[in-house]
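> My structure file entry22.txt, compact mmCIF, C-alpha atoms, is below:
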# COMPACT_ATOMS: atom_id res chain seq x y z
CA MET A 96 0.00 0.00 0.00
CA LYS A 97 1.32 3.41 -0.97
CA ARG A 98 0.67 5.89 1.82
CA PRO A 99 1.97 9.08 3.45
CA SER A 100 4.12 8.95 6.55
CA VAL A 101 1.75 9.18 9.52
CA ILE A 102 2.48 11.13 12.69
CA ILE A 103 0.14 11.11 15.69
CA ASN A 104 0.39 14.09 18.02
CA CYS A 105 -1.66 14.58 21.17
CA ALA A 106 -1.59 15.97 24.69
CA MET A 107 -2.88 14.14 27.73
CA SER A 108 -3.05 14.62 31.47
CA ALA A 109 -0.89 12.57 33.85
CA ASP A 110 -3.81 10.11 34.09
CA GLY A 111 -4.15 9.75 30.31
CA LYS A 112 -7.14 12.01 29.63
CA ILE A 113 -7.38 14.28 26.58
CA ALA A 114 -10.51 16.31 27.42
CA SER A 115 -12.84 17.16 30.25
CA PRO A 116 -15.18 14.46 31.69
CA ALA A 117 -17.92 16.07 29.55
CA GLY A 118 -15.82 15.46 26.44
CA LYS A 119 -15.01 19.14 25.89
CA GLN A 120 -11.61 20.39 24.81
CA MET A 121 -9.47 21.80 27.59
CA ARG A 122 -5.97 23.15 27.66
CA ILE A 123 -3.43 20.53 28.66
CA SER A 124 -0.41 21.68 26.63
CA CYS A 125 1.81 24.51 27.83
CA ASP A 126 2.81 27.43 25.57
CA GLU A 127 6.01 25.67 24.53
CA ASP A 128 4.15 22.54 23.48
CA ILE A 129 1.51 24.52 21.60
CA GLU A 130 4.29 26.20 19.62
CA ARG A 131 5.81 22.78 18.90
CA MET A 132 2.42 21.50 17.70
CA TYR A 133 1.97 24.40 15.28
CA ARG A 134 5.49 23.93 13.90
CA LEU A 135 4.75 20.23 13.38
CA ARG A 136 1.42 21.03 11.73
CA ASN A 137 3.21 23.50 9.44
CA GLU A 138 5.74 20.85 8.39
CA CYS A 139 3.09 18.31 7.34
CA ASP A 140 1.17 18.22 4.06
CA ALA A 141 -2.13 17.42 5.79
CA VAL A 142 -3.71 17.35 9.25
CA LEU A 143 -6.51 14.90 10.09
CA VAL A 144 -9.20 14.56 12.75
CA GLY A 145 -12.45 12.65 13.12
CA VAL A 146 -15.85 14.29 12.88
CA GLY A 147 -16.28 13.85 16.64
CA THR A 148 -13.52 16.41 17.17
CA ILE A 149 -15.22 18.78 14.74
CA LEU A 150 -18.56 18.49 16.53
CA ALA A 151 -17.06 18.80 20.02
CA ASP A 152 -14.38 21.47 19.53
CA ASP A 153 -14.96 23.13 16.10
CA PRO A 154 -11.22 23.53 15.34
CA LYS A 155 -9.85 25.45 12.36
CA LEU A 156 -6.88 23.06 11.93
CA THR A 157 -4.76 25.88 10.53
CA VAL A 158 -1.32 27.21 11.51
CA LYS A 159 -1.29 30.47 13.47
CA GLU A 160 1.17 33.14 12.36
CA THR A 161 1.68 33.90 16.05
CA TYR A 162 3.74 30.71 16.22
CA VAL A 163 4.98 30.26 12.63
CA SER A 164 5.86 33.12 10.31
CA ASN A 165 4.61 32.72 6.73
CA PRO A 166 2.89 29.41 7.52
CA LYS A 167 2.33 26.73 4.92
CA GLN A 168 -1.26 25.78 5.64
CA PRO A 169 -1.81 22.00 5.43
CA LEU A 170 -4.72 20.27 3.77
CA ARG A 171 -7.40 19.71 6.42
CA VAL A 172 -8.90 16.21 6.41
CA VAL A 173 -11.98 15.06 8.33
CA LEU A 174 -12.98 11.41 8.64
CA ASP A 175 -16.76 11.72 8.57
CA THR A 176 -18.50 8.45 7.74
CA LYS A 177 -22.04 9.83 7.64
CA GLY A 178 -21.29 13.38 6.46
CA ARG A 179 -22.10 15.07 9.77
CA THR A 180 -19.69 18.00 9.43
CA PRO A 181 -21.88 21.14 9.76
CA PRO A 182 -21.70 23.59 6.84
CA HIS A 183 -20.75 26.36 9.28
CA ALA A 184 -17.81 24.42 10.80
CA LEU A 185 -14.60 26.44 11.03
CA VAL A 186 -12.70 23.62 9.31
CA LEU A 187 -14.60 24.57 6.15
CA ASN A 188 -13.43 28.19 6.04
CA ASP A 189 -11.48 29.30 2.97
CA VAL A 190 -8.11 29.80 4.67
CA THR A 191 -6.93 26.57 3.04
CA LYS A 192 -8.31 23.43 1.39
CA THR A 193 -10.41 20.83 3.20
CA MET A 194 -11.17 17.21 2.36
CA ILE A 195 -14.18 15.50 3.93
CA ILE A 196 -13.94 11.70 3.70
CA THR A 197 -17.31 9.97 3.90
CA ALA A 198 -18.58 6.45 3.36
CA LYS A 199 -19.53 5.38 -0.15
CA GLY A 200 -23.05 6.43 -1.09
CA THR A 201 -23.31 9.25 1.45
CA GLY A 202 -23.82 11.86 -1.27
CA ARG A 203 -22.71 14.79 0.91
CA ALA A 204 -21.68 18.05 -0.74
CA TYR A 205 -20.48 21.46 0.46
CA PRO A 206 -20.27 24.79 -1.37
CA GLY A 207 -16.82 26.15 -2.20
CA SER A 208 -14.12 25.06 -4.59
CA HIS A 209 -11.71 24.66 -1.65
CA ILE A 210 -13.79 21.79 -0.21
CA GLU A 211 -13.59 18.27 -1.63
CA VAL A 212 -15.78 15.37 -0.54
CA VAL A 213 -14.27 11.95 -1.14
CA GLU A 214 -16.07 8.65 -0.59
CA CYS A 215 -14.07 5.72 0.78
CA LYS A 216 -14.69 2.15 1.88
CA THR A 217 -15.63 1.45 5.49
CA ASP A 218 -14.21 -1.18 7.83
CA GLN A 219 -16.04 -3.94 9.69
CA LEU A 220 -17.15 -1.50 12.39
CA GLY A 221 -18.56 0.98 9.90
CA TYR A 222 -15.75 3.53 10.25
CA ILE A 223 -13.77 4.92 7.33
CA ASP A 224 -11.18 2.40 6.19
CA VAL A 225 -8.00 4.34 7.01
CA ARG A 226 -5.90 2.35 4.57
CA ASP A 227 -8.24 3.33 1.75
CA ALA A 228 -8.18 6.94 2.96
CA LEU A 229 -4.37 6.95 3.06
CA GLU A 230 -4.20 5.72 -0.52
CA VAL A 231 -6.51 8.56 -1.58
CA LEU A 232 -4.32 11.10 0.23
CA SER A 233 -1.20 9.65 -1.37
CA GLN A 234 -2.82 10.03 -4.80
CA ARG A 235 -3.48 13.69 -3.94
CA GLY A 236 0.24 14.25 -3.30
CA VAL A 237 0.16 14.08 0.50
CA ARG A 238 3.49 12.75 1.72
CA SER A 239 3.17 13.50 5.44
CA LEU A 240 -0.02 13.33 7.51
CA LEU A 241 -0.50 14.62 11.04
CA VAL A 242 -3.27 12.84 12.96
CA GLU A 243 -4.59 14.84 15.91
CA GLY A 244 -7.55 12.80 17.15
CA GLY A 245 -9.79 11.95 18.70
CA GLY A 246 -9.31 8.73 20.59
CA THR A 247 -11.21 6.45 18.20
CA VAL A 248 -9.33 7.80 15.18
CA ILE A 249 -5.98 7.42 16.93
CA TRP A 250 -6.79 3.83 17.90
CA THR A 251 -7.87 2.99 14.35
CA PHE A 252 -4.58 4.22 12.87
CA LEU A 253 -2.53 2.36 15.48
CA ASP A 254 -4.60 -0.81 15.14
CA ASN A 255 -4.11 -0.75 11.36
CA LYS A 256 -0.34 -0.44 11.87
CA VAL A 257 0.00 2.64 9.67
CA VAL A 258 1.67 4.94 12.22
CA ASP A 259 5.31 5.95 11.92
CA ASP A 260 5.71 8.34 14.85
CA LEU A 261 3.70 9.10 17.99
CA TYR A 262 4.25 12.24 20.06
CA ILE A 263 2.52 12.47 23.43
CA PHE A 264 2.82 15.54 25.63
CA ILE A 265 2.01 14.69 29.25
CA GLY A 266 0.73 17.68 31.17
CA SER A 267 1.25 18.03 34.90
CA CYS A 268 -2.41 17.68 35.88
CA ILE A 269 -5.03 15.11 36.78
CA ILE A 270 -8.49 15.17 35.19
CA GLY A 271 -10.13 11.93 36.33
CA GLY A 272 -13.49 10.46 35.34
CA LYS A 273 -14.00 6.84 34.31
CA ASP A 274 -15.63 7.85 31.01
CA THR A 275 -13.34 10.79 30.23
CA PRO A 276 -11.86 10.59 26.68
CA THR A 277 -8.39 9.04 26.46
CA VAL A 278 -5.63 9.03 23.85
CA ALA A 279 -6.67 5.71 22.29
CA GLU A 280 -10.24 4.44 22.48
CA GLY A 281 -12.08 2.36 19.87
CA ILE A 282 -12.62 -1.31 20.68
CA GLY A 283 -9.13 -1.80 22.11
CA ILE A 284 -7.33 -5.13 22.40
CA ARG A 285 -9.02 -8.40 23.32
CA ARG A 286 -6.00 -10.21 24.77
CA GLY A 287 -2.88 -8.95 26.52
CA GLU A 288 -0.58 -10.22 23.79
CA GLU A 289 -2.37 -7.94 21.28
CA ALA A 290 -1.08 -4.77 22.96
CA ILE A 291 0.61 -2.48 20.45
CA PRO A 292 4.33 -2.33 21.33
CA LEU A 293 6.17 0.99 21.20
CA ARG A 294 9.78 2.01 21.53
CA ILE A 295 10.85 5.30 23.07
CA VAL A 296 12.84 7.48 20.68
CA GLU A 297 13.21 10.52 22.93
CA VAL A 298 11.96 11.92 26.23
CA LYS A 299 12.35 15.59 27.08
CA ARG A 300 10.93 18.14 29.43
CA VAL A 301 8.78 20.80 27.77
CA GLY A 302 7.71 23.57 30.12
CA PRO A 303 6.01 21.95 33.14
CA GLY A 304 5.30 18.74 31.21
CA VAL A 305 7.07 15.92 29.40
CA LEU A 306 7.13 15.09 25.68
CA ILE A 307 7.63 11.46 24.70
CA HIS A 308 8.40 10.51 21.10
CA TYR A 309 7.46 6.89 20.38
CA GLN A 310 7.65 4.70 17.30
CA PRO A 311 5.57 1.53 16.91
CA VAL A 312 7.62 -1.65 16.94
CA PRO A 313 7.14 -3.59 13.67
What does the file become when written as structure tokens?

Amino acid sequence: MKRPSVIINCAMSADGKIASPAGKQMRISCDEDIERMYRLRNECDAVLVGVGTILADDPKLTVKETYVSNPKQPLRVVLDTKGRTPPHALVLNDVTKTMIITAKGTGRAYPGSHIEVVECKTDQLGYIDVRDALEVLSQRGVRSLLVEGGGTVIWTFLDNKVVDDLYIFIGSCIIGGKDTPTVAEGIGIRRGEEAIPLRIVEVKRVGPGVLIHYQPVP
């Protein structure tokens, strides 16, 4: 399969949470890590999230000039099986191009030449088949893809073994809540031996937190 290099980047609390117990975005990264995230986003050809992130947080997925001068705005990609992205979502603004990936037969359309809707196959659980989506992105000239969430999307990429690098910033806070969103969700493993092994490439302190760079073990 021909695909872009895939980088996952996320921030979590010391107890592994990525949002509030209500599922709302909250600041976990420090200023230094936010700057690092924008530089990483600027270096990639595309940035991807699931529609759940769009509905919960309404992100723009652009690069702020506050952190990067003369930014190279990446293609914004949303995995949206049923075409639920609202027409007023900030990810659809005309700052840069956006690709909405839906399931085959959805028939969703949005106004604006900067927005492309692409239909892909779905997997056994009814989610977008990420391998099919990666082939589409590769055909569009995307060589590097930054995946920013949420937990189900991150799990799906890891479970499909299409991740090259994983960056996790661990903030110095505790959020709690048994149902609070975590870095990797989805169906998870069924047996202990199915755990996805990682190797640590680098660990460094960033502001009051810690950044760990992992790579999946083949």
> Please report the interatomic distance between atom CA of Asn188 of chain A and atom CA of Gln234 of chain A in Å with one decimal.
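For atom CA of Asn188 of chain A relative to atom CA of Gln234 of chain A, the distance reads 23.7 Å.
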> For Ala106 of chain A, which residue among A:Ile195, A:Ile263, A:Ile129, A:Ala184 is the nearest when counting only C-alpha atoms?
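Distance minimum relative to Ala106 of chain A lands on A:Ile263.
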> Which value, in Å to one decimal, gives the distance between atom CA of Gly244 of chain A and atom CA of Thr148 of chain A?
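That distance, rounded to one decimal, is 7.0 Å.
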> Mind running segment 206-285 of chain A against segment 289-307 of chain A at 6 Å and telling me each contacting residue's nearest atom pair with the distance in Å (one decimal), counting only C-alpha atoms, chain and number ascending, as a tab-separated table?

residue	atom	partner	partner_atom	distance
A:Tyr262	CA	A:Ile307	CA	5.8
A:Ile263	CA	A:Ile307	CA	5.4
A:Phe264	CA	A:Leu306	CA	4.3
A:Ile265	CA	A:Val305	CA	5.2
A:Gly266	CA	A:Gly304	CA	4.7
A:Ser267	CA	A:Gly304	CA	5.5
A:Ile284	CA	A:Glu289	CA	5.8
> Would you please work out which residue, of A:Gly111, A:Pro166, A:Gly145, A:Gly202, is nearest to Gly245 of chain A when using all atoms listed in the file?
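Of the candidates, the smallest distance to Gly245 of chain A is held by A:Gly145.
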> So the first atom is atom CA of Ile269 of chain A and the second is atom CA of Ile249 of chain A; what is the distance between them in Å, to one decimal place?
21.3 Å
> Identify the residues around (-12.9, 28.8, 0.4) within a radius of 6 Å, measuring from all atoms listed in the file in the coordinates stated by the file, and give them as a list in words.
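Counting all atoms listed in the file, I find these residues within 6 Å of (-12.9, 28.8, 0.4): Asn188, Asp189, Gly207 and His209 of chain A.
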> Using all atoms listed in the file, find the one residue out of A:Cys215, A:Ala279, A:Met121, A:Val242 that sits nearest to Ile103 of chain A.
A:Val242
> Find, counting all atoms listed in the file, the residue in A:Ile149, A:Ala228, A:Val257, A:Ala114 that gets nearest to Gln310 of chain A.
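When distances to Gln310 of chain A are compared using all atoms listed in the file, the smallest one comes from A:Val257.
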